[in-house]
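Structure file query.cif; described as mmCIF, C-alpha atoms and all ligand atoms.
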data_input
loop_
_atom_site.label_atom_id
_atom_site.label_comp_id
_atom_site.auth_asym_id
_atom_site.auth_seq_id
_atom_site.Cartn_x
_atom_site.Cartn_y
_atom_site.Cartn_z
CA MET G 1 31.74 -30.27 -34.11
CA ARG G 2 30.20 -28.32 -31.22
CA ILE G 3 27.87 -25.37 -31.64
CA ASN G 4 26.83 -23.75 -28.40
CA ASN G 5 23.21 -22.83 -27.91
CA SER G 6 22.48 -19.72 -25.87
CA LYS G 7 19.87 -20.37 -23.19
CA VAL G 8 18.15 -17.96 -20.84
CA VAL G 9 15.98 -19.21 -17.97
CA VAL G 10 13.42 -16.85 -16.48
CA ILE G 11 12.33 -17.77 -12.95
CA GLY G 12 8.95 -16.24 -12.18
CA ALA G 13 6.44 -16.09 -15.03
CA GLY G 14 4.45 -13.17 -13.64
CA SER G 15 4.15 -9.68 -15.04
CA VAL G 16 7.92 -9.00 -15.27
CA GLY G 17 9.02 -12.54 -16.13
CA SER G 18 6.54 -12.98 -18.98
CA ALA G 19 7.34 -9.53 -20.45
CA THR G 20 11.06 -10.35 -20.25
CA ALA G 21 10.53 -13.70 -21.99
CA SER G 22 8.43 -11.96 -24.63
CA SER G 23 11.14 -9.35 -25.30
CA LEU G 24 13.79 -12.07 -25.54
CA VAL G 25 11.70 -13.97 -28.08
CA THR G 26 10.51 -11.01 -30.16
CA GLN G 27 14.05 -9.58 -30.33
CA GLY G 28 15.50 -13.05 -31.07
CA VAL G 29 18.22 -12.59 -28.48
CA CYS G 30 19.05 -16.25 -27.75
CA ASP G 31 18.41 -19.80 -28.97
CA GLN G 32 16.30 -20.92 -26.04
CA VAL G 33 14.08 -19.32 -23.40
CA MET G 34 12.84 -21.44 -20.52
CA LEU G 35 10.19 -20.25 -18.06
CA LEU G 36 9.96 -21.64 -14.54
CA ASP G 37 7.38 -20.73 -11.91
CA ILE G 38 6.03 -22.23 -8.70
CA ASN G 39 2.74 -21.91 -10.60
CA ARG G 40 3.65 -24.44 -13.30
CA GLU G 41 0.44 -23.92 -15.24
CA LYS G 42 1.26 -20.20 -15.61
CA ALA G 43 4.78 -20.95 -16.87
CA TYR G 44 3.39 -23.56 -19.27
CA ALA G 45 0.76 -21.17 -20.63
CA GLU G 46 3.18 -18.25 -21.07
CA ALA G 47 5.63 -20.51 -22.93
CA LEU G 48 2.92 -21.94 -25.17
CA ASP G 49 1.52 -18.48 -25.96
CA LEU G 50 5.00 -17.25 -26.88
CA ARG G 51 5.62 -20.29 -29.10
CA HIS G 52 2.59 -19.28 -31.14
CA SER G 53 4.29 -16.00 -32.04
CA ILE G 54 7.31 -17.58 -33.78
CA GLN G 55 5.62 -17.78 -37.18
CA TYR G 56 5.67 -13.98 -37.41
CA LEU G 57 9.11 -13.32 -35.91
CA ASN G 58 12.64 -13.29 -37.30
CA ARG G 59 14.06 -16.18 -35.34
CA ASN G 60 12.84 -19.60 -34.24
CA VAL G 61 13.64 -19.13 -30.56
CA LYS G 62 12.81 -22.35 -28.68
CA VAL G 63 10.45 -21.53 -25.82
CA CYS G 64 9.54 -23.99 -23.10
CA CYS G 65 8.75 -24.30 -19.43
CA GLY G 66 10.95 -26.43 -17.24
CA GLU G 67 12.34 -27.43 -13.88
CA TYR G 68 15.33 -26.42 -11.77
CA LYS G 69 17.26 -29.45 -13.02
CA ASP G 70 17.10 -27.89 -16.51
CA CYS G 71 19.09 -24.79 -15.42
CA GLY G 72 22.47 -26.54 -15.63
CA ASP G 73 23.20 -25.53 -19.22
CA ALA G 74 21.73 -22.01 -18.98
CA ASP G 75 23.96 -19.03 -19.77
CA ILE G 76 21.77 -16.67 -17.75
CA VAL G 77 19.14 -17.24 -15.07
CA VAL G 78 16.89 -14.22 -14.68
CA VAL G 79 15.28 -14.03 -11.24
CA THR G 80 11.86 -12.35 -11.07
CA ALA G 81 10.15 -14.66 -8.55
CA ALA G 82 8.34 -12.66 -5.90
CA ALA G 83 5.41 -12.62 -3.49
CA PRO G 84 2.42 -10.46 -4.43
CA MET G 85 3.06 -6.81 -3.53
CA LYS G 86 1.22 -5.49 -0.48
CA PRO G 87 -0.37 -2.01 -0.57
CA GLY G 88 1.94 0.75 0.67
CA GLN G 89 5.09 -1.40 0.65
CA THR G 90 8.41 0.18 -0.32
CA ARG G 91 10.89 -2.00 -2.22
CA LEU G 92 12.89 -2.49 0.97
CA ASP G 93 9.72 -3.66 2.78
CA MET G 94 9.59 -6.59 0.32
CA LEU G 95 12.82 -8.04 1.70
CA ALA G 96 11.38 -10.59 4.16
CA ASP G 97 9.07 -12.24 1.59
CA SER G 98 11.65 -12.11 -1.21
CA LYS G 99 14.35 -13.57 1.03
CA LYS G 100 12.27 -16.73 1.68
CA ILE G 101 11.58 -17.24 -2.03
CA ILE G 102 15.19 -16.68 -3.04
CA LYS G 103 16.48 -19.12 -0.42
CA GLU G 104 14.22 -21.80 -1.94
CA LEU G 105 15.40 -21.29 -5.48
CA VAL G 106 19.16 -20.65 -5.39
CA GLU G 107 19.99 -24.10 -4.03
CA PRO G 108 18.22 -26.14 -6.73
CA VAL G 109 19.60 -23.85 -9.45
CA MET G 110 23.14 -24.43 -8.19
CA GLU G 111 22.51 -28.18 -7.75
CA SER G 112 21.66 -28.34 -11.46
CA GLY G 113 25.32 -27.52 -12.20
CA PHE G 114 24.57 -23.92 -13.22
CA ASP G 115 27.71 -21.85 -13.72
CA GLY G 116 26.32 -18.94 -15.68
CA ILE G 117 25.15 -15.48 -14.72
CA PHE G 118 22.33 -14.71 -12.30
CA LEU G 119 20.53 -11.59 -13.47
CA VAL G 120 18.38 -10.41 -10.59
CA ILE G 121 15.22 -8.33 -10.85
CA THR G 122 13.34 -9.33 -7.66
CA ASN G 123 13.10 -6.42 -5.22
CA PRO G 124 14.75 -5.04 -3.21
CA VAL G 125 17.08 -5.82 -6.10
CA ASP G 126 20.39 -4.61 -4.62
CA VAL G 127 19.92 -6.57 -1.38
CA ILE G 128 18.57 -9.67 -3.14
CA SER G 129 21.51 -9.62 -5.58
CA TYR G 130 23.90 -9.60 -2.62
CA TYR G 131 21.92 -12.48 -1.06
CA ILE G 132 22.13 -14.55 -4.25
CA TYR G 133 25.85 -13.76 -4.53
CA LYS G 134 26.36 -15.12 -1.02
CA LEU G 135 24.08 -18.17 -1.34
CA SER G 136 25.33 -19.22 -4.77
CA GLY G 137 29.05 -18.90 -4.11
CA LEU G 138 29.46 -17.68 -7.71
CA PRO G 139 32.17 -15.11 -8.50
CA LYS G 140 31.07 -11.48 -8.12
CA SER G 141 31.17 -10.97 -11.91
CA GLN G 142 28.43 -13.60 -12.34
CA VAL G 143 25.76 -12.09 -10.11
CA ILE G 144 24.23 -8.91 -11.49
CA GLY G 145 21.19 -6.95 -10.39
CA THR G 146 19.30 -4.77 -12.84
CA GLY G 147 19.90 -2.02 -10.26
CA THR G 148 19.46 1.48 -11.64
CA ALA G 149 19.36 0.38 -15.31
CA LEU G 150 15.62 1.01 -15.40
CA ASP G 151 15.80 4.26 -13.38
CA THR G 152 18.46 5.49 -15.82
CA ALA G 153 16.19 4.71 -18.78
CA ARG G 154 13.41 6.65 -17.06
CA LEU G 155 15.69 9.61 -16.32
CA LYS G 156 16.85 9.76 -19.93
CA CYS G 157 13.25 9.56 -21.13
CA TYR G 158 12.21 12.56 -18.99
CA LEU G 159 15.28 14.65 -19.89
CA ALA G 160 14.85 13.85 -23.58
CA GLU G 161 11.21 14.95 -23.48
CA LEU G 162 12.20 18.28 -21.89
CA ILE G 163 14.64 19.20 -24.66
CA ASP G 164 13.13 17.17 -27.50
CA VAL G 165 15.99 14.80 -28.28
CA ASP G 166 16.26 11.01 -28.57
CA PRO G 167 16.63 9.48 -25.05
CA ARG G 168 19.60 7.53 -26.38
CA SER G 169 21.41 10.83 -26.98
CA VAL G 170 21.28 11.62 -23.26
CA HIS G 171 24.22 10.29 -21.26
CA GLY G 172 24.22 9.88 -17.51
CA PHE G 173 23.17 7.50 -14.78
CA CYS G 174 21.00 7.03 -11.74
CA MET G 175 23.18 5.43 -9.09
CA GLY G 176 22.91 3.75 -5.70
CA GLU G 177 19.75 1.98 -4.60
CA HIS G 178 17.03 0.95 -7.03
CA GLY G 179 14.66 2.61 -4.60
CA ASP G 180 13.86 5.79 -2.76
CA SER G 181 17.47 6.79 -1.93
CA GLN G 182 18.83 6.58 -5.50
CA MET G 183 20.65 9.66 -6.80
CA VAL G 184 21.70 11.35 -10.04
CA PRO G 185 25.26 12.69 -10.40
CA TRP G 186 24.08 15.72 -12.39
CA SER G 187 27.62 16.88 -13.09
CA ARG G 188 27.97 13.80 -15.35
CA VAL G 189 24.70 14.15 -17.28
CA MET G 190 25.47 15.19 -20.88
CA VAL G 191 23.62 15.71 -24.14
CA GLY G 192 25.82 15.96 -27.22
CA GLY G 193 28.86 16.67 -25.04
CA LYS G 194 27.11 19.54 -23.21
CA SER G 195 26.29 19.17 -19.53
CA PHE G 196 22.61 19.23 -18.70
CA THR G 197 23.21 21.94 -16.10
CA ASP G 198 24.72 24.14 -18.86
CA ILE G 199 21.74 23.39 -21.09
CA LEU G 200 19.44 24.66 -18.32
CA ARG G 201 21.60 27.75 -17.75
CA ASP G 202 21.72 28.61 -21.47
CA ASN G 203 17.98 28.26 -22.01
CA PRO G 204 16.33 30.24 -19.21
CA GLY G 205 13.29 31.08 -21.35
CA GLN G 206 12.43 27.49 -22.24
CA LEU G 207 13.84 25.67 -19.21
CA GLY G 208 13.87 28.31 -16.46
CA GLN G 209 11.16 26.51 -14.47
CA VAL G 210 12.92 23.11 -14.60
CA HIS G 211 14.47 21.98 -11.31
CA LEU G 212 16.87 19.06 -11.15
CA LYS G 213 15.39 17.90 -7.83
CA ASP G 214 11.95 17.60 -9.42
CA ILE G 215 13.29 15.51 -12.31
CA ALA G 216 15.16 13.22 -9.93
CA LYS G 217 12.02 12.84 -7.80
CA LYS G 218 9.87 12.11 -10.85
CA THR G 219 12.37 9.43 -11.89
CA THR G 220 12.36 7.81 -8.45
CA ARG G 221 8.55 7.88 -8.34
CA ALA G 222 8.09 6.63 -11.92
CA GLY G 223 7.55 3.01 -10.91
CA TRP G 224 4.84 3.91 -8.44
CA GLU G 225 3.11 6.15 -10.98
CA ILE G 226 2.71 3.06 -13.17
CA ILE G 227 1.93 0.60 -10.35
CA GLU G 228 -0.85 2.86 -9.01
CA ARG G 229 -2.54 2.67 -12.41
CA LYS G 230 -1.86 -0.85 -13.75
CA GLY G 231 -0.67 -2.81 -10.71
CA SER G 232 2.88 -3.55 -11.86
CA THR G 233 5.60 -2.34 -14.21
CA ASN G 234 6.87 -4.68 -16.87
CA TYR G 235 7.83 -3.26 -20.29
CA GLY G 236 10.58 -0.89 -19.10
CA ILE G 237 12.18 -3.50 -16.86
CA ALA G 238 11.89 -6.15 -19.58
CA ALA G 239 13.66 -3.86 -22.07
CA SER G 240 16.37 -2.99 -19.52
CA THR G 241 16.90 -6.67 -18.72
CA VAL G 242 17.13 -7.67 -22.36
CA GLY G 243 19.59 -4.81 -22.95
CA ILE G 244 21.79 -6.30 -20.23
CA ILE G 245 21.38 -9.84 -21.62
CA LYS G 246 22.38 -8.71 -25.13
CA ALA G 247 25.49 -6.99 -23.75
CA ILE G 248 26.44 -10.28 -22.04
CA LEU G 249 25.59 -12.82 -24.75
CA ASN G 250 27.08 -10.68 -27.54
CA ASP G 251 30.17 -9.86 -25.46
CA GLU G 252 29.59 -6.17 -26.13
CA ASN G 253 31.70 -4.52 -23.41
CA LYS G 254 28.77 -2.14 -23.14
CA VAL G 255 28.49 0.25 -20.19
CA ILE G 256 25.17 -0.11 -18.38
CA PRO G 257 24.40 0.91 -14.80
CA VAL G 258 23.75 -2.35 -12.94
CA SER G 259 23.86 -3.52 -9.36
CA THR G 260 27.17 -5.22 -8.71
CA LEU G 261 29.35 -6.03 -5.74
CA LEU G 262 31.40 -3.03 -4.63
CA ASP G 263 34.76 -4.36 -3.59
CA GLY G 264 36.52 -1.15 -2.63
CA GLU G 265 35.13 0.89 -5.53
CA TYR G 266 33.78 4.25 -4.37
CA GLY G 267 35.14 3.34 -0.93
CA HIS G 268 32.50 0.65 -0.26
CA CYS G 269 32.76 -3.09 0.34
CA GLU G 270 30.38 -6.05 0.78
CA VAL G 271 27.41 -4.33 -0.77
CA PHE G 272 25.67 -4.35 -4.17
CA ALA G 273 24.73 -0.95 -5.60
CA GLY G 274 23.86 0.59 -8.95
CA VAL G 275 26.98 1.86 -10.70
CA PRO G 276 28.05 2.09 -14.34
CA ALA G 277 29.76 -1.16 -15.28
CA VAL G 278 31.30 -2.75 -18.39
CA LEU G 279 29.35 -5.89 -19.34
CA CYS G 280 30.78 -8.73 -21.39
CA ARG G 281 30.43 -12.50 -21.87
CA SER G 282 31.71 -13.22 -18.36
CA GLY G 283 29.39 -10.68 -16.70
CA VAL G 284 30.69 -7.56 -14.99
CA LYS G 285 34.16 -6.89 -16.38
CA GLU G 286 34.78 -3.62 -14.59
CA VAL G 287 33.07 -1.05 -12.39
CA ILE G 288 33.53 2.46 -13.73
CA GLN G 289 34.39 4.90 -10.97
CA ILE G 290 33.14 8.27 -12.12
CA ARG G 291 34.25 11.49 -10.45
CA MET G 292 31.41 13.16 -8.58
CA HIS G 293 31.04 16.48 -6.85
CA GLU G 294 31.31 16.33 -3.07
CA ASP G 295 27.55 16.66 -2.50
CA GLU G 296 26.85 14.00 -5.14
CA LYS G 297 29.28 11.58 -3.52
CA ALA G 298 27.63 12.23 -0.14
CA ARG G 299 24.21 11.34 -1.59
CA PHE G 300 25.65 8.22 -3.24
CA ASP G 301 27.30 7.18 0.05
CA HIS G 302 24.01 7.69 1.89
CA SER G 303 22.18 5.46 -0.59
CA VAL G 304 24.83 2.72 -0.38
CA LYS G 305 24.69 2.90 3.41
CA ILE G 306 20.95 2.16 3.32
CA ILE G 307 21.50 -0.88 1.08
CA LYS G 308 24.41 -2.06 3.23
CA GLU G 309 22.31 -1.97 6.43
CA HIS G 310 19.82 -4.31 4.74
CA CYS G 311 22.59 -6.56 3.35
CA ASP G 312 24.03 -6.85 6.85
CA SER G 313 20.58 -7.76 8.22
CA LEU G 314 20.54 -10.89 6.01
CA ASN G 315 23.08 -12.58 8.28
CA VAL G 316 24.87 -14.48 5.53
CA LYS G 317 28.57 -15.15 5.58
N1 LIG G 401 14.45 -4.33 -10.44
C1 LIG G 401 13.55 -3.62 -11.07
O1 LIG G 401 13.84 -2.58 -11.68
C2 LIG G 401 12.12 -4.11 -11.02
C3 LIG G 401 11.13 -3.57 -11.84
C4 LIG G 401 9.84 -4.10 -11.79
C5 LIG G 401 9.54 -5.14 -10.89
N2 LIG G 401 10.53 -5.61 -10.10
C6 LIG G 401 10.31 -6.70 -9.15
O2 LIG G 401 10.18 -7.91 -9.89
C7 LIG G 401 9.50 -8.86 -9.09
C8 LIG G 401 8.39 -9.52 -9.89
O3 LIG G 401 7.38 -8.58 -10.16
P1 LIG G 401 6.06 -9.04 -10.95
O4 LIG G 401 5.25 -7.80 -11.17
O5 LIG G 401 6.40 -9.92 -12.10
O6 LIG G 401 5.34 -9.94 -9.84
P2 LIG G 401 4.26 -11.08 -10.12
O7 LIG G 401 3.56 -11.29 -8.82
O8 LIG G 401 3.45 -10.74 -11.32
O9 LIG G 401 5.13 -12.37 -10.49
C9 LIG G 401 5.91 -13.04 -9.57
C10 LIG G 401 5.93 -14.50 -9.99
O10 LIG G 401 6.84 -15.20 -9.14
C11 LIG G 401 6.29 -16.50 -8.93
N3 LIG G 401 6.91 -17.11 -7.75
C12 LIG G 401 6.69 -16.86 -6.44
N4 LIG G 401 7.45 -17.67 -5.68
C13 LIG G 401 8.16 -18.45 -6.52
C14 LIG G 401 9.12 -19.47 -6.33
N5 LIG G 401 9.50 -19.88 -5.10
N6 LIG G 401 9.67 -20.06 -7.42
C15 LIG G 401 9.30 -19.67 -8.65
N7 LIG G 401 8.39 -18.71 -8.91
C16 LIG G 401 7.84 -18.11 -7.84
C17 LIG G 401 4.81 -16.24 -8.78
O11 LIG G 401 4.05 -17.44 -8.97
C18 LIG G 401 4.57 -15.19 -9.85
O12 LIG G 401 4.19 -15.77 -11.09
C19 LIG G 401 9.02 -8.07 -7.85
O13 LIG G 401 9.94 -8.27 -6.79
C20 LIG G 401 9.06 -6.64 -8.32
O14 LIG G 401 9.16 -5.72 -7.25
C21 LIG G 401 11.81 -5.13 -10.14
#

Could you spell out this file's structure in structure tokens?
Ligand SMILES: NC(=O)c1ccc[n+]([C@@H]2O[C@H](COP(=O)([O-])OP(=O)(O)OC[C@H]3O[C@@H](n4cnc5c(N)ncnc54)[C@H](O)[C@@H]3O)[C@@H](O)[C@H]2O)c1
Amino acid sequence: MRINNSKVVVIGAGSVGSATASSLVTQGVCDQVMLLDINREKAYAEALDLRHSIQYLNRNVKVCCGEYKDCGDADIVVVTAAAPMKPGQTRLDMLADSKKIIKELVEPVMESGFDGIFLVITNPVDVISYYIYKLSGLPKSQVIGTGTALDTARLKCYLAELIDVDPRSVHGFCMGEHGDSQMVPWSRVMVGGKSFTDILRDNPGQLGQVHLKDIAKKTTRAGWEIIERKGSTNYGIAASTVGIIKAILNDENKVIPVSTLLDGEYGHCEVFAGVPAVLCRSGVKEVIQIRMHEDEKARFDHSVKIIKEHCDSLNVK
């Protein structure tokens, strides 16, 4: 008899990696969580601390720290490894440092026999996801960036607060780069089947001062608003990541905006960008091509172009 254990490895036990491991354990999402960091003591301590929480949780998730050779039987390897952020850096400015770190880690992960799904968080996430796709040689369905999953959660949170509904009742996506050029296709943002633009139009008294541009800007700036005050963001990205992991491990066919390889979709090729995608046990099953207004498509194309320029600068075949 063979019973498969689900195993998630988190590379990088810093602010994001430890919060992701914690969410995996507290939500009881898988059988095993393994932490791996260049700072082995940090990975060891985070794993030990998490093990002490099991007594009060619903599931005896096995938590450990480990080595690259232990990635071979992982279903998902989450990549959060990164260099410390420098003041004033944009996400795209982080590329040079992140590239070096990623080059070091993809090879040993692949040498372990890993044939699961890379779930990439390290910024600039769209470009790094493309880099890992190229270095690993894995099929496009098996390399996924968190992309605009977090930005979408932030957008829904702000819209929900404006009209006092549950964020999960707001439907729509941020798309393109997880970064300054991301965009919102407002024509596709709905609450209870009603477009958000109609909601604004029908409620001039309550919402007359609300401008879509301001909401989009607030969403794009949300990460910095947190970083300026506590140095990093971790809970939102951990929740977004675990949402993606659940969709994969439970074979949910759930639609989540993630960064995936565009292979002709939306007229783009050889670039990762945030788009709504169907997620299942084998990773990205399908990219959903939504219809956008002309100006929305132009903003999406502009964002993808920025990512593509950085992907091209990696010089990987
Ligand atoms: N995609 C998103 O939506 C999103 C959201 C938040 C943060 N991030 C990104 O996630 C990354 C991690 O952020 P953080 O706040 O946890 O940073 P952090 O500095 O707290 O943690 C990074 C960890 O990576 C480890 N590390 C560095 N090089 C390594 C290597 N070669 N092998 C293994 N581990 C290594 C470090 O020791 C450190 O523990 C950053 O790139 C950040 O910009 C992305």

Please tell me which residues are no farther than 9 Å from (15.3, -4.9, -9.6) in the file, counting all atoms listed in the file, and write them as a count of residues only. 19

Segment 220-233 of chain G environment, 8 Å, only C-alpha atoms, sequence neighbours closer than 5 positions dropped, as a PDB file with C-alpha atoms, in the frame of the given file:
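Saved to part18.pdb:
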ATOM      1  CA  SER G  15       4.150  -9.680 -15.040  1.00  0.00           C
ATOM      2  CA  VAL G  16       7.920  -9.000 -15.270  1.00  0.00           C
ATOM      3  CA  ASP G 151      15.800   4.260 -13.380  1.00  0.00           C
ATOM      4  CA  ARG G 154      13.410   6.650 -17.060  1.00  0.00           C
ATOM      5  CA  GLY G 179      14.660   2.610  -4.600  1.00  0.00           C
ATOM      6  CA  ASP G 180      13.860   5.790  -2.760  1.00  0.00           C
ATOM      7  CA  GLN G 182      18.830   6.580  -5.500  1.00  0.00           C
TER       8      GLN G 182
END

Which is closest to Leu261 of chain G among G:Lys308, G:Arg168, G:Lys7, G:Lys194, if we use all atoms listed in the file?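 Among the listed residues, G:Lys308 lies closest to Leu261 of chain G.
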
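Of the residues listed (G:Leu119, G:Leu48, G:Val271, G:Leu36), G:Leu36 shows the shortest atom-to-atom separation from ligand LIG 401 (chain G); distances use all atoms listed in the file.
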
Please measure the separation of atom O10 of ligand LIG 401 (chain G) and atom CA of Val10 of chain G, giving the value in Å to one decimal.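 About the pair atom O10 of ligand LIG 401 (chain G) and atom CA of Val10 of chain G: they are 10.0 Å apart.
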
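The space between atom CA of Lys297 of chain G and atom CA of Ala216 of chain G spans 15.6 Å.
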
Could you state the separation of atom CA of Glu161 of chain G and atom CA of Ala239 of chain G in Å, given to one decimal place?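 Answer for the atom CA of Glu161 of chain G to atom CA of Ala239 of chain G separation: 19.0 Å.
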
Which residue gives the smallest distance to Gly28 of chain G among G:His171, G:Lys69, G:His211, G:Lys246, with only C-alpha atoms counted? G:Lys246

Which residue, G:Asn250, G:Asn39, G:Thr26, G:Thr90, has the smallest gap to Lys62 of chain G when you use all atoms listed in the file?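 For Lys62 of chain G, the nearest of the given residues is G:Thr26.
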
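Of the residues listed (G:Ser18, G:Asn4, G:Ser282, G:Thr219), G:Thr219 shows the shortest atom-to-atom separation from Thr152 of chain G; distances use only C-alpha atoms.
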
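Proximity of G:Val29, G:Ala74, G:Ile11, G:Val189 to Val106 of chain G, computed with only C-alpha atoms, is greatest for G:Ile11.
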
Once you count all atoms listed in the file, which residues end up no further than 9 Å from (27.5, -11.6, -9.4) in the file's frame, shown as a PyMOL selection string? chain G and resi 117-119+129-130+132-133+138-145+259-261+283-284

Just the residues within 12 Å of Ile290 of chain G, please, counting all atoms listed in the file, with nothing from its chain fewer than 2 positions along; format it as a ChimeraX atom specification. /G:172-173,175,185-189,257,265-266,275-277,287-288,292-293,296-297,300

Mind checking which residues fall within 12 Å of Ile163 of chain G, counting all atoms listed in the file, ignoring those fewer than 4 positions away in the same chain, and posting them as a list in words? Lys156, Cys157, Tyr158, Leu159, Pro167, Ser169, Val170, Val191, Gly192, Phe196, Ile199, Leu200, Asn203, Gln206, Leu207 and Val210 of chain G

Would you mind putting back N, CA, C and O atoms on segment 86-102 of chain G, then writing it out as a PDB file, keeping the file's coordinate frame?
ATOM      1  N   LYS G  86       2.269  -5.932  -1.393  1.00  0.00           N
ATOM      2  CA  LYS G  86       1.220  -5.490  -0.480  1.00  0.00           C
ATOM      3  C   LYS G  86       1.055  -3.970  -0.586  1.00  0.00           C
ATOM      4  O   LYS G  86       2.054  -3.273  -0.810  1.00  0.00           O
ATOM      5  N   PRO G  87      -0.166  -3.458  -0.416  1.00  0.00           N
ATOM      6  CA  PRO G  87      -0.370  -2.010  -0.570  1.00  0.00           C
ATOM      7  C   PRO G  87       0.537  -1.209   0.361  1.00  0.00           C
ATOM      8  O   PRO G  87       0.718  -1.576   1.527  1.00  0.00           O
ATOM      9  N   GLY G  88       1.131  -0.160  -0.146  1.00  0.00           N
ATOM     10  CA  GLY G  88       1.940   0.750   0.670  1.00  0.00           C
ATOM     11  C   GLY G  88       3.367   0.300   0.920  1.00  0.00           C
ATOM     12  O   GLY G  88       4.144   1.013   1.544  1.00  0.00           O
ATOM     13  N   GLN G  89       3.727  -0.902   0.427  1.00  0.00           N
ATOM     14  CA  GLN G  89       5.090  -1.400   0.650  1.00  0.00           C
ATOM     15  C   GLN G  89       6.118  -0.602  -0.146  1.00  0.00           C
ATOM     16  O   GLN G  89       5.876  -0.278  -1.310  1.00  0.00           O
ATOM     17  N   THR G  90       7.286  -0.303   0.475  1.00  0.00           N
ATOM     18  CA  THR G  90       8.410   0.180  -0.320  1.00  0.00           C
ATOM     19  C   THR G  90       9.142  -1.053  -0.826  1.00  0.00           C
ATOM     20  O   THR G  90       8.852  -2.182  -0.396  1.00  0.00           O
ATOM     21  N   ARG G  91      10.135  -0.843  -1.702  1.00  0.00           N
ATOM     22  CA  ARG G  91      10.890  -2.000  -2.220  1.00  0.00           C
ATOM     23  C   ARG G  91      11.611  -2.699  -1.066  1.00  0.00           C
ATOM     24  O   ARG G  91      11.681  -3.918  -1.016  1.00  0.00           O
ATOM     25  N   LEU G  92      12.148  -1.891  -0.141  1.00  0.00           N
ATOM     26  CA  LEU G  92      12.890  -2.490   0.970  1.00  0.00           C
ATOM     27  C   LEU G  92      11.968  -3.301   1.887  1.00  0.00           C
ATOM     28  O   LEU G  92      12.393  -4.292   2.484  1.00  0.00           O
ATOM     29  N   ASP G  93      10.673  -2.903   1.956  1.00  0.00           N
ATOM     30  CA  ASP G  93       9.720  -3.660   2.780  1.00  0.00           C
ATOM     31  C   ASP G  93       9.484  -5.074   2.218  1.00  0.00           C
ATOM     32  O   ASP G  93       8.940  -5.933   2.913  1.00  0.00           O
ATOM     33  N   MET G  94       9.843  -5.280   0.951  1.00  0.00           N
ATOM     34  CA  MET G  94       9.590  -6.590   0.320  1.00  0.00           C
ATOM     35  C   MET G  94      10.649  -7.610   0.698  1.00  0.00           C
ATOM     36  O   MET G  94      10.555  -8.789   0.316  1.00  0.00           O
ATOM     37  N   LEU G  95      11.657  -7.178   1.458  1.00  0.00           N
ATOM     38  CA  LEU G  95      12.820  -8.040   1.700  1.00  0.00           C
ATOM     39  C   LEU G  95      12.464  -9.375   2.356  1.00  0.00           C
ATOM     40  O   LEU G  95      12.918 -10.427   1.903  1.00  0.00           O
ATOM     41  N   ALA G  96      11.643  -9.346   3.414  1.00  0.00           N
ATOM     42  CA  ALA G  96      11.380 -10.590   4.160  1.00  0.00           C
ATOM     43  C   ALA G  96      10.757 -11.649   3.251  1.00  0.00           C
ATOM     44  O   ALA G  96      11.216 -12.799   3.223  1.00  0.00           O
ATOM     45  N   ASP G  97       9.729 -11.271   2.482  1.00  0.00           N
ATOM     46  CA  ASP G  97       9.070 -12.240   1.590  1.00  0.00           C
ATOM     47  C   ASP G  97      10.021 -12.706   0.491  1.00  0.00           C
ATOM     48  O   ASP G  97      10.103 -13.900   0.177  1.00  0.00           O
ATOM     49  N   SER G  98      10.752 -11.757  -0.096  1.00  0.00           N
ATOM     50  CA  SER G  98      11.650 -12.110  -1.210  1.00  0.00           C
ATOM     51  C   SER G  98      12.758 -13.040  -0.717  1.00  0.00           C
ATOM     52  O   SER G  98      13.149 -13.980  -1.420  1.00  0.00           O
ATOM     53  N   LYS G  99      13.249 -12.774   0.488  1.00  0.00           N
ATOM     54  CA  LYS G  99      14.350 -13.570   1.030  1.00  0.00           C
ATOM     55  C   LYS G  99      13.963 -15.054   1.093  1.00  0.00           C
ATOM     56  O   LYS G  99      14.730 -15.930   0.707  1.00  0.00           O
ATOM     57  N   LYS G 100      12.737 -15.328   1.570  1.00  0.00           N
ATOM     58  CA  LYS G 100      12.270 -16.730   1.680  1.00  0.00           C
ATOM     59  C   LYS G 100      12.237 -17.393   0.297  1.00  0.00           C
ATOM     60  O   LYS G 100      12.680 -18.524   0.123  1.00  0.00           O
ATOM     61  N   ILE G 101      11.712 -16.666  -0.680  1.00  0.00           N
ATOM     62  CA  ILE G 101      11.580 -17.240  -2.030  1.00  0.00           C
ATOM     63  C   ILE G 101      12.956 -17.498  -2.635  1.00  0.00           C
ATOM     64  O   ILE G 101      13.216 -18.547  -3.220  1.00  0.00           O
ATOM     65  N   ILE G 102      13.858 -16.550  -2.450  1.00  0.00           N
ATOM     66  CA  ILE G 102      15.190 -16.680  -3.040  1.00  0.00           C
ATOM     67  C   ILE G 102      15.954 -17.844  -2.411  1.00  0.00           C
ATOM     68  O   ILE G 102      16.639 -18.603  -3.103  1.00  0.00           O
TER      69      ILE G 102
END
